[in-house]
Amino acid sequence: MTDNADFAIRARGLTKRFGPVTAVDHLDLNVPRSIIYGFLGPNGSGKTTAIRMLCGLLTPTEGDATVLGFDVPGDADALKPKIGYMTQKFSLYADLTVQENLDFIADIYTYPRNDKRARIETLLEKYNLLEQRRQFAGTMSGGQKQRLALACAVLNKPELLLLDEPTSAVDPKSRRDFWSELFSLADSGTTILVSTHYMDEAERCHRLAILDHGRKVADGSPAELQNSTGMSIVEVLAENPFAAQVELSKLPEVMSVTQLGVRLRALIPQAVANPLQLVDNLLSANAIPAQTKIVDASLEDVFVAVTQKGYAAEQAA
Amino acid sequence: MKSAIRLMAVMRKELRQLMRDRVTFAMIVGIPVMQMLMFGYAINTDVRNLAAAVADQSDSHLSRQFVADLGQTQVLDFQYSVDTAAELEELLRTGRISIGVLMPPDFDRRAIDSRRSAAHLLVDGVDPTIVGVANQIRNMPLYFDATAPVQNKVATFEIRPYFNPERRSAVFVIPGLIGIILTLTMMMFTAVSVVREREHGNLELLINTPVSTTQLMVGKVVPYIVIGLIQLALILAVGRLLFNIPVHGSIFELYIAALFFIAANLALGLFISTLVKTQFQAIQITIFILLPSILLTGFMFPFDGMPQIVQYLGEILPNTHFIRLTRGIMLRGANLGEMYQELIALGVFTSIALSAAIIRFSKRLD
Ligand SMILES: Nc1ncnc2c1ncn2[C@@H]1O[C@H](COP(=O)(O)OP(=O)(O)O)[C@@H](O)[C@H]1O
Ligand SMILES: [Mg+2]
């Protein structure tokens, strides 16, 4: 219990299997309080399953977890009033109005009667839903639905917010607004666990875990992750990027090549002594004119590096 | 206190959704009215105007008189007159008549011969009701002389129908139909309303809140009790207006009985919702249970006429007990005190189904 107090979430060897599929594979987590913690991973990497286990909706096949000091799923009932959960799919009532949905959630949490109205007014205003209060939730836009879902999730002032891909159906402006809202919630002491497959969102998290095929392949702050890829990144600016990419892919030292506009990014393990030289030699040998330079790793590079490592290990095994 | 607030919240939400769901709302009124029209008018065990044909080979004064007498009973409607037995058989086989009357050339002589029957009835034996009618006609007396004073032969039994003196089918059918209508609507509405929340993902959010399984289940079901009672009122009103269905016993007791029965069906609906994944499956199971509720409960066929093992099965079905209650209260003027066993049976059924539903409804997704 003592060291649990420092962490909002602790998990040891958390595993979930659905028949032959291992959705979450021995996940270890330490999520400090009052930060935004991200789950970054492609579709099917186990983000939703992990979140569901953490709030007690799914029983782990193996391993255990403590959330806000409560064992899950054992003490999930005691945990429920203290967490807010935003499901991946919109899960409020489409045939109730915005106001009715909020009213319902407030009553379900038995929010104090005298403060209920004021709380709902505050939320409507804060999440820019005043004009929609009498609109049926099902008829709203993606951004409005998302703001309503967040308003409902935070209504009872939870200590921990679990947000499952909250911005997947939302335009970029709404996404920015949504994230500034998350920062202000974290500032006021709420711990937030948010899953995403957007790199730019992952970059905003205080800490994150990268999930791939149910496994945590890396974790840390975005800066830590970027500094510890074990990769040199060579950026190539070529007139014919396609030809350059074909040649680069042939090099056994090059782990991956990705194209960003006219630029290519080649990931080369740091074990290779002079990566810039290697690339230059290759390109001039094939008469491909190009400018090259070493650049810092982006989170996308980190993602590519760690998931490729996972594959390499899998192939070796 | 907290649980009361949550219970009220679930009920209010359910009621709001119900009021806005036009299809469901139409079914609440539409199903009872349609079923009553269907069953009230179509099911008719007093057989009249059966299509018939006659082959009068004797063509005597007596035979013509006999055919006229038969026609006057209005049980048979003579549509064909033919010459041979073969022609009668042909009409029977092609389904154009249900009964054929064959009078042989020596009809007059046979009529006075007590050892031989005077004429033949050719009957479409496929339908047992028609065979029943043929048996009635068989004993029709013959009058040898139309001018002679009628010497009525005294029947062995005189039948005196109690409780439904006019022997109208609707009077017998509709009290039983209340149970069928409530079974269908109550079971279906609750099962579908729970499964819909699961399909739409609402349940994933709900089970992550402090609301308990019991609050959720009871809150969802209570609005439907009111709907069920409204349906009962509707059925009684339509029954009175269109079919002149009486309620000889206490209307209040009828509503009490209905309350027990509605509770049983709602509990069953909740239990079904824990067994299925989609609304479609919920409706399939509802229909699967509806069939025995029609066939094995005494609604269609006399309960005592069923094999013993089927009777045991029937006793499990809530509708069996409710049909006894409605027929008792509405037609025989019985009171609940005389039929308390049926109420106990419904109460036991409800407790078992509800407990099973609450145990099976887990606050987890796996
Ligand atoms: N209820 C379930 N039954 C069977 N397989 C499931 C179930 N839920 C998830 N999975 C599988 O587990 C894996 C992880 O899924 P999920 O946690 O939804 O990933 P993500 O949220 O990252 O997209 C996928 O392969 C998915 O098909
Ligand atoms: Mg997901």
# chains A, B, ... in the order shown; residues from 1 in each chain; ligands from 1
call {"tool": "interface_residues", "arguments": {"of": "chain B", "to": "chain A", "cutoff": "12 Å", "atoms": "only C-alpha atoms", "output": "ChimeraX atom specification"}}
result
/B:1-22,196-213,215-216,219,362-366
call {"tool": "closest_atom_pairs", "arguments": {"of": "chain A", "to": "ligand 1", "cutoff": "10 Å", "atoms": "only C-alpha atoms and all ligand atoms", "output": "JSON lines"}}
result
{"residue": "A:Lys16", "atom": "CA", "partner": "ligand 1", "partner_atom_place_in_ligand_line": "12 (O)", "distance": 8.3}
{"residue": "A:Arg17", "atom": "CA", "partner": "ligand 1", "partner_atom_place_in_ligand_line": "12 (O)", "distance": 7.7}
{"residue": "A:Phe18", "atom": "CA", "partner": "ligand 1", "partner_atom_place_in_ligand_line": "4 (C)", "distance": 4.8}
{"residue": "A:Gly19", "atom": "CA", "partner": "ligand 1", "partner_atom_place_in_ligand_line": "4 (C)", "distance": 7.2}
{"residue": "A:Pro20", "atom": "CA", "partner": "ligand 1", "partner_atom_place_in_ligand_line": "5 (N)", "distance": 8.8}
{"residue": "A:Val21", "atom": "CA", "partner": "ligand 1", "partner_atom_place_in_ligand_line": "12 (O)", "distance": 6.3}
{"residue": "A:Thr22", "atom": "CA", "partner": "ligand 1", "partner_atom_place_in_ligand_line": "12 (O)", "distance": 6.6}
{"residue": "A:Ala23", "atom": "CA", "partner": "ligand 1", "partner_atom_place_in_ligand_line": "12 (O)", "distance": 3.9}
{"residue": "A:Val24", "atom": "CA", "partner": "ligand 1", "partner_atom_place_in_ligand_line": "14 (C)", "distance": 6.9}
{"residue": "A:Phe39", "atom": "CA", "partner": "ligand 1", "partner_atom_place_in_ligand_line": "22 (O)", "distance": 8.7}
{"residue": "A:Leu40", "atom": "CA", "partner": "ligand 1", "partner_atom_place_in_ligand_line": "22 (O)", "distance": 8.4}
{"residue": "A:Gly41", "atom": "CA", "partner": "ligand 1", "partner_atom_place_in_ligand_line": "22 (O)", "distance": 6.2}
{"residue": "A:Pro42", "atom": "CA", "partner": "ligand 1", "partner_atom_place_in_ligand_line": "22 (O)", "distance": 6.1}
{"residue": "A:Asn43", "atom": "CA", "partner": "ligand 1", "partner_atom_place_in_ligand_line": "23 (O)", "distance": 3.6}
{"residue": "A:Gly44", "atom": "CA", "partner": "ligand 1", "partner_atom_place_in_ligand_line": "19 (O)", "distance": 3.4}
{"residue": "A:Ser45", "atom": "CA", "partner": "ligand 1", "partner_atom_place_in_ligand_line": "22 (O)", "distance": 3.9}
{"residue": "A:Gly46", "atom": "CA", "partner": "ligand 1", "partner_atom_place_in_ligand_line": "17 (O)", "distance": 3.3}
{"residue": "A:Lys47", "atom": "CA", "partner": "ligand 1", "partner_atom_place_in_ligand_line": "22 (O)", "distance": 3.7}
{"residue": "A:Thr48", "atom": "CA", "partner": "ligand 1", "partner_atom_place_in_ligand_line": "21 (O)", "distance": 3.6}
{"residue": "A:Thr49", "atom": "CA", "partner": "ligand 1", "partner_atom_place_in_ligand_line": "17 (O)", "distance": 3.7}
{"residue": "A:Ala50", "atom": "CA", "partner": "ligand 1", "partner_atom_place_in_ligand_line": "17 (O)", "distance": 6.4}
{"residue": "A:Ile51", "atom": "CA", "partner": "ligand 1", "partner_atom_place_in_ligand_line": "17 (O)", "distance": 8.1}
{"residue": "A:Arg52", "atom": "CA", "partner": "ligand 1", "partner_atom_place_in_ligand_line": "17 (O)", "distance": 8.4}
{"residue": "A:Met53", "atom": "CA", "partner": "ligand 1", "partner_atom_place_in_ligand_line": "17 (O)", "distance": 9.9}
{"residue": "A:Leu58", "atom": "CA", "partner": "ligand 1", "partner_atom_place_in_ligand_line": "1 (N)", "distance": 9.2}
{"residue": "A:Gln88", "atom": "CA", "partner": "ligand 1", "partner_atom_place_in_ligand_line": "21 (O)", "distance": 8.1}
{"residue": "A:Asp164", "atom": "CA", "partner": "ligand 1", "partner_atom_place_in_ligand_line": "21 (O)", "distance": 7.7}
{"residue": "A:Glu165", "atom": "CA", "partner": "ligand 1", "partner_atom_place_in_ligand_line": "21 (O)", "distance": 8.1}
{"residue": "A:Ser195", "atom": "CA", "partner": "ligand 1", "partner_atom_place_in_ligand_line": "21 (O)", "distance": 8.1}
{"residue": "A:Thr196", "atom": "CA", "partner": "ligand 1", "partner_atom_place_in_ligand_line": "22 (O)", "distance": 8.5}
{"residue": "A:His197", "atom": "CA", "partner": "ligand 1", "partner_atom_place_in_ligand_line": "22 (O)", "distance": 8.5}
{"residue": "A:Leu211", "atom": "CA", "partner": "ligand 1", "partner_atom_place_in_ligand_line": "22 (O)", "distance": 7.9}
{"residue": "A:Asp212", "atom": "CA", "partner": "ligand 1", "partner_atom_place_in_ligand_line": "22 (O)", "distance": 8.4}
{"residue": "A:His213", "atom": "CA", "partner": "ligand 1", "partner_atom_place_in_ligand_line": "14 (C)", "distance": 7.5}
{"residue": "A:Gly214", "atom": "CA", "partner": "ligand 1", "partner_atom_place_in_ligand_line": "14 (C)", "distance": 6.7}
call {"tool": "select_by_dssp", "arguments": {"residues": "stretch 15-171 of chain A", "states": "alpha helix (DSSP H)", "output": "ChimeraX atom specification"}}
result
/A:47-54,76-79,98-108,113-126,142-154
call {"tool": "atom_distance", "arguments": {"atom1": "atom CA of B:Asp113", "atom2": "atom CA of B:Gly71"}}
result
24.0 Å
call {"tool": "atom_distance", "arguments": {"atom1": "atom CA of A:Val302", "atom2": "atom CA of A:Pro275"}}
result
17.5 Å
call {"tool": "atom_distance", "arguments": {"atom1": "atom CA of A:Ile35", "atom2": "atom CA of A:Leu123"}}
result
21.8 Å
call {"tool": "residues_around", "arguments": {"residues": "A:Asn128", "least_positions_apart": "4", "cutoff": "9 Å", "atoms": "only C-alpha atoms", "output": "ChimeraX atom specification"}}
result
/A:123-124,132,144,147
call {"tool": "write_last_selection", "arguments": {"atoms": "C-alpha atoms", "output": "PDB file, in the first residue's frame"}}
result
ATOM      1  CA  LEU A 123     -19.652  21.812 -17.598  1.00  0.00           C
ATOM      2  CA  LEU A 124     -21.982  22.970 -20.384  1.00  0.00           C
ATOM      3  CA  GLN A 132     -26.677  22.056 -27.675  1.00  0.00           C
ATOM      4  CA  GLN A 144     -19.597  17.818 -29.793  1.00  0.00           C
ATOM      5  CA  ARG A 147     -16.987  17.100 -25.484  1.00  0.00           C
TER       6      ARG A 147
END
call {"tool": "residues_around", "arguments": {"residues": "B:Thr350", "least_positions_apart": "6", "cutoff": "8 Å", "atoms": "only C-alpha atoms", "output": "JSON, numbers by chain"}}
result
{"B": [263, 264, 265, 267, 268]}
call {"tool": "write_last_selection", "arguments": {"atoms": "N, CA, C and O atoms", "output": "PDB file, in the first residue's frame"}}
result
ATOM      1  N   ALA B 263     -44.872  -9.212 -13.766  1.00  0.00           N
ATOM      2  CA  ALA B 263     -43.582  -9.333 -13.079  1.00  0.00           C
ATOM      3  C   ALA B 263     -42.851 -10.593 -13.539  1.00  0.00           C
ATOM      4  O   ALA B 263     -41.642 -10.567 -13.811  1.00  0.00           O
ATOM      5  N   ALA B 264     -43.591 -11.699 -13.664  1.00  0.00           N
ATOM      6  CA  ALA B 264     -42.965 -12.956 -14.087  1.00  0.00           C
ATOM      7  C   ALA B 264     -42.349 -12.818 -15.469  1.00  0.00           C
ATOM      8  O   ALA B 264     -41.224 -13.263 -15.721  1.00  0.00           O
ATOM      9  N   ASN B 265     -43.069 -12.158 -16.384  1.00  0.00           N
ATOM     10  CA  ASN B 265     -42.567 -12.031 -17.752  1.00  0.00           C
ATOM     11  C   ASN B 265     -41.406 -11.056 -17.853  1.00  0.00           C
ATOM     12  O   ASN B 265     -40.492 -11.246 -18.650  1.00  0.00           O
ATOM     13  N   ALA B 267     -39.223 -10.503 -15.486  1.00  0.00           N
ATOM     14  CA  ALA B 267     -38.058 -11.204 -14.940  1.00  0.00           C
ATOM     15  C   ALA B 267     -37.488 -12.157 -15.985  1.00  0.00           C
ATOM     16  O   ALA B 267     -36.272 -12.242 -16.175  1.00  0.00           O
ATOM     17  N   LEU B 268     -38.400 -12.831 -16.690  1.00  0.00           N
ATOM     18  CA  LEU B 268     -37.952 -13.750 -17.735  1.00  0.00           C
ATOM     19  C   LEU B 268     -37.242 -12.984 -18.857  1.00  0.00           C
ATOM     20  O   LEU B 268     -36.198 -13.415 -19.362  1.00  0.00           O
TER      21      LEU B 268
END
call {"tool": "closest_residue", "arguments": {"among": "B:Arg116, B:Leu343, B:Pro128, B:Leu122", "to": "B:Arg93", "atoms": "only C-alpha atoms"}}
result
B:Leu122
call {"tool": "residues_around", "arguments": {"residues": "B:Leu121", "least_positions_apart": "3", "cutoff": "7 Å", "atoms": "only C-alpha atoms", "output": "PDB file with C-alpha atoms, in the first residue's frame"}}
result
ATOM      1  CA  ILE B  99     -69.227 -33.046 -46.016  1.00  0.00           C
ATOM      2  CA  GLY B 100     -71.115 -35.091 -48.592  1.00  0.00           C
ATOM      3  CA  VAL B 101     -74.569 -36.599 -47.972  1.00  0.00           C
ATOM      4  CA  LEU B 102     -75.345 -39.760 -49.936  1.00  0.00           C
TER       5      LEU B 102
END
call {"tool": "residues_around", "arguments": {"residues": "stretch 54-62 of chain B", "least_positions_apart": "4", "cutoff": "9 Å", "atoms": "only C-alpha atoms", "output": "VMD selection string"}}
result
chain B and resid 66 to 67 78 to 85 87 to 88 99 to 108 142 to 146
call {"tool": "write_last_selection", "arguments": {"atoms": "N, CA, C and O atoms", "output": "tab-separated table (two decimals), in the first residue's frame"}}
result
chain	number	residue	atom	x	y	z
B	66	PHE	N	-85.69	-34.55	-45.87
B	66	PHE	CA	-84.53	-34.72	-45.00
B	66	PHE	C	-83.42	-33.72	-45.35
B	66	PHE	O	-82.83	-33.08	-44.49
B	67	VAL	N	-83.18	-33.55	-46.65
B	67	VAL	CA	-82.15	-32.60	-47.08
B	67	VAL	C	-82.54	-31.19	-46.67
B	67	VAL	O	-81.71	-30.41	-46.17
B	78	PHE	N	-75.55	-26.51	-48.57
B	78	PHE	CA	-75.50	-27.37	-49.76
B	78	PHE	C	-75.19	-26.54	-50.98
B	78	PHE	O	-75.97	-25.69	-51.38
B	79	GLN	N	-74.01	-26.79	-51.55
B	79	GLN	CA	-73.60	-26.00	-52.71
B	79	GLN	C	-73.66	-26.81	-54.00
B	79	GLN	O	-73.63	-26.25	-55.07
B	80	TYR	N	-73.69	-28.14	-53.88
B	80	TYR	CA	-73.72	-28.98	-55.08
B	80	TYR	C	-74.78	-30.05	-54.91
B	80	TYR	O	-75.02	-30.53	-53.78
B	81	SER	N	-75.36	-30.42	-56.01
B	81	SER	CA	-76.24	-31.58	-56.01
B	81	SER	C	-75.76	-32.49	-57.14
B	81	SER	O	-75.71	-32.07	-58.29
B	82	VAL	N	-75.36	-33.72	-56.79
B	82	VAL	CA	-74.77	-34.62	-57.78
B	82	VAL	C	-75.50	-35.95	-57.77
B	82	VAL	O	-76.46	-36.14	-57.00
B	83	ASP	N	-75.04	-36.89	-58.60
B	83	ASP	CA	-75.76	-38.15	-58.74
B	83	ASP	C	-75.09	-39.33	-58.04
B	83	ASP	O	-75.77	-40.18	-57.48
B	84	THR	N	-73.75	-39.37	-58.07
B	84	THR	CA	-73.09	-40.59	-57.60
B	84	THR	C	-72.17	-40.33	-56.41
B	84	THR	O	-71.76	-39.20	-56.16
B	85	ALA	N	-71.88	-41.43	-55.73
B	85	ALA	CA	-70.94	-41.36	-54.61
B	85	ALA	C	-69.57	-40.93	-55.11
B	85	ALA	O	-68.84	-40.18	-54.45
B	87	GLU	N	-68.85	-38.88	-57.46
B	87	GLU	CA	-68.79	-37.43	-57.64
B	87	GLU	C	-68.61	-36.73	-56.29
B	87	GLU	O	-67.90	-35.73	-56.18
B	88	LEU	N	-69.28	-37.26	-55.26
B	88	LEU	CA	-69.11	-36.69	-53.91
B	88	LEU	C	-67.65	-36.79	-53.47
B	88	LEU	O	-67.07	-35.83	-52.94
B	99	ILE	N	-68.35	-31.92	-46.33
B	99	ILE	CA	-69.23	-33.05	-46.02
B	99	ILE	C	-70.10	-33.36	-47.24
B	99	ILE	O	-70.62	-32.46	-47.88
B	100	GLY	N	-70.22	-34.66	-47.53
B	100	GLY	CA	-71.11	-35.09	-48.59
B	100	GLY	C	-72.21	-35.99	-48.02
B	100	GLY	O	-71.94	-36.84	-47.17
B	101	VAL	N	-73.46	-35.78	-48.45
B	101	VAL	CA	-74.57	-36.60	-47.97
B	101	VAL	C	-75.02	-37.50	-49.13
B	101	VAL	O	-75.37	-37.00	-50.19
B	102	LEU	N	-74.96	-38.81	-48.89
B	102	LEU	CA	-75.35	-39.76	-49.94
B	102	LEU	C	-76.60	-40.51	-49.50
B	102	LEU	O	-76.61	-41.19	-48.47
B	103	MET	N	-77.69	-40.36	-50.30
B	103	MET	CA	-78.91	-41.09	-49.98
B	103	MET	C	-79.14	-42.15	-51.06
B	103	MET	O	-79.39	-41.83	-52.22
B	104	PRO	N	-79.03	-43.42	-50.66
B	104	PRO	CA	-79.15	-44.52	-51.63
B	104	PRO	C	-80.57	-44.62	-52.20
B	104	PRO	O	-81.50	-44.05	-51.61
B	105	PRO	N	-80.75	-45.34	-53.32
B	105	PRO	CA	-82.07	-45.43	-53.94
B	105	PRO	C	-83.13	-45.97	-52.98
B	105	PRO	O	-84.30	-45.57	-53.06
B	106	ASP	N	-82.69	-46.86	-52.05
B	106	ASP	CA	-83.69	-47.45	-51.14
B	106	ASP	C	-83.76	-46.70	-49.81
B	106	ASP	O	-84.01	-47.29	-48.77
B	107	PHE	N	-83.54	-45.38	-49.86
B	107	PHE	CA	-83.53	-44.56	-48.65
B	107	PHE	C	-84.80	-44.74	-47.82
B	107	PHE	O	-84.75	-44.94	-46.60
B	108	ASP	N	-85.96	-44.72	-48.47
B	108	ASP	CA	-87.22	-44.79	-47.74
B	108	ASP	C	-87.35	-46.09	-46.96
B	108	ASP	O	-87.78	-46.10	-45.80
B	142	LEU	N	-85.28	-38.58	-37.95
B	142	LEU	CA	-85.97	-38.58	-39.24
B	142	LEU	C	-87.47	-38.49	-38.99
B	142	LEU	O	-88.01	-39.18	-38.12
B	143	TYR	N	-88.17	-37.63	-39.71
B	143	TYR	CA	-89.62	-37.57	-39.58
B	143	TYR	C	-90.20	-38.16	-40.85
B	143	TYR	O	-89.92	-37.70	-41.95
B	144	PHE	N	-91.04	-39.15	-40.65
B	144	PHE	CA	-91.54	-39.87	-41.82
B	144	PHE	C	-92.59	-39.09	-42.57
B	144	PHE	O	-92.72	-39.17	-43.75
B	145	ASP	N	-93.31	-38.30	-41.84
B	145	ASP	CA	-94.39	-37.58	-42.49
B	145	ASP	C	-94.33	-36.14	-42.04
B	145	ASP	O	-94.46	-35.82	-40.88
B	146	ALA	N	-94.11	-35.30	-42.99
B	146	ALA	CA	-93.98	-33.89	-42.66
B	146	ALA	C	-95.26	-33.34	-42.04
B	146	ALA	O	-95.22	-32.38	-41.28
call {"tool": "select_by_dssp", "arguments": {"residues": "stretch 54-163 of chain A", "states": "strand (DSSP E)", "output": "list in words"}}
result
Glu62, Gly63, Asp64, Ala65, Thr66, Val67, Phe70, Asp71, Val72, Ile83, Gly84, Tyr85, Met86, Leu160, Leu161, Leu162 and Leu163 of chain A
call {"tool": "closest_residue", "arguments": {"among": "A:Gln99, A:Gly63, A:Thr167, A:Tyr127", "to": "ligand 2", "atoms": "only C-alpha atoms and all ligand atoms"}}
result
A:Thr167
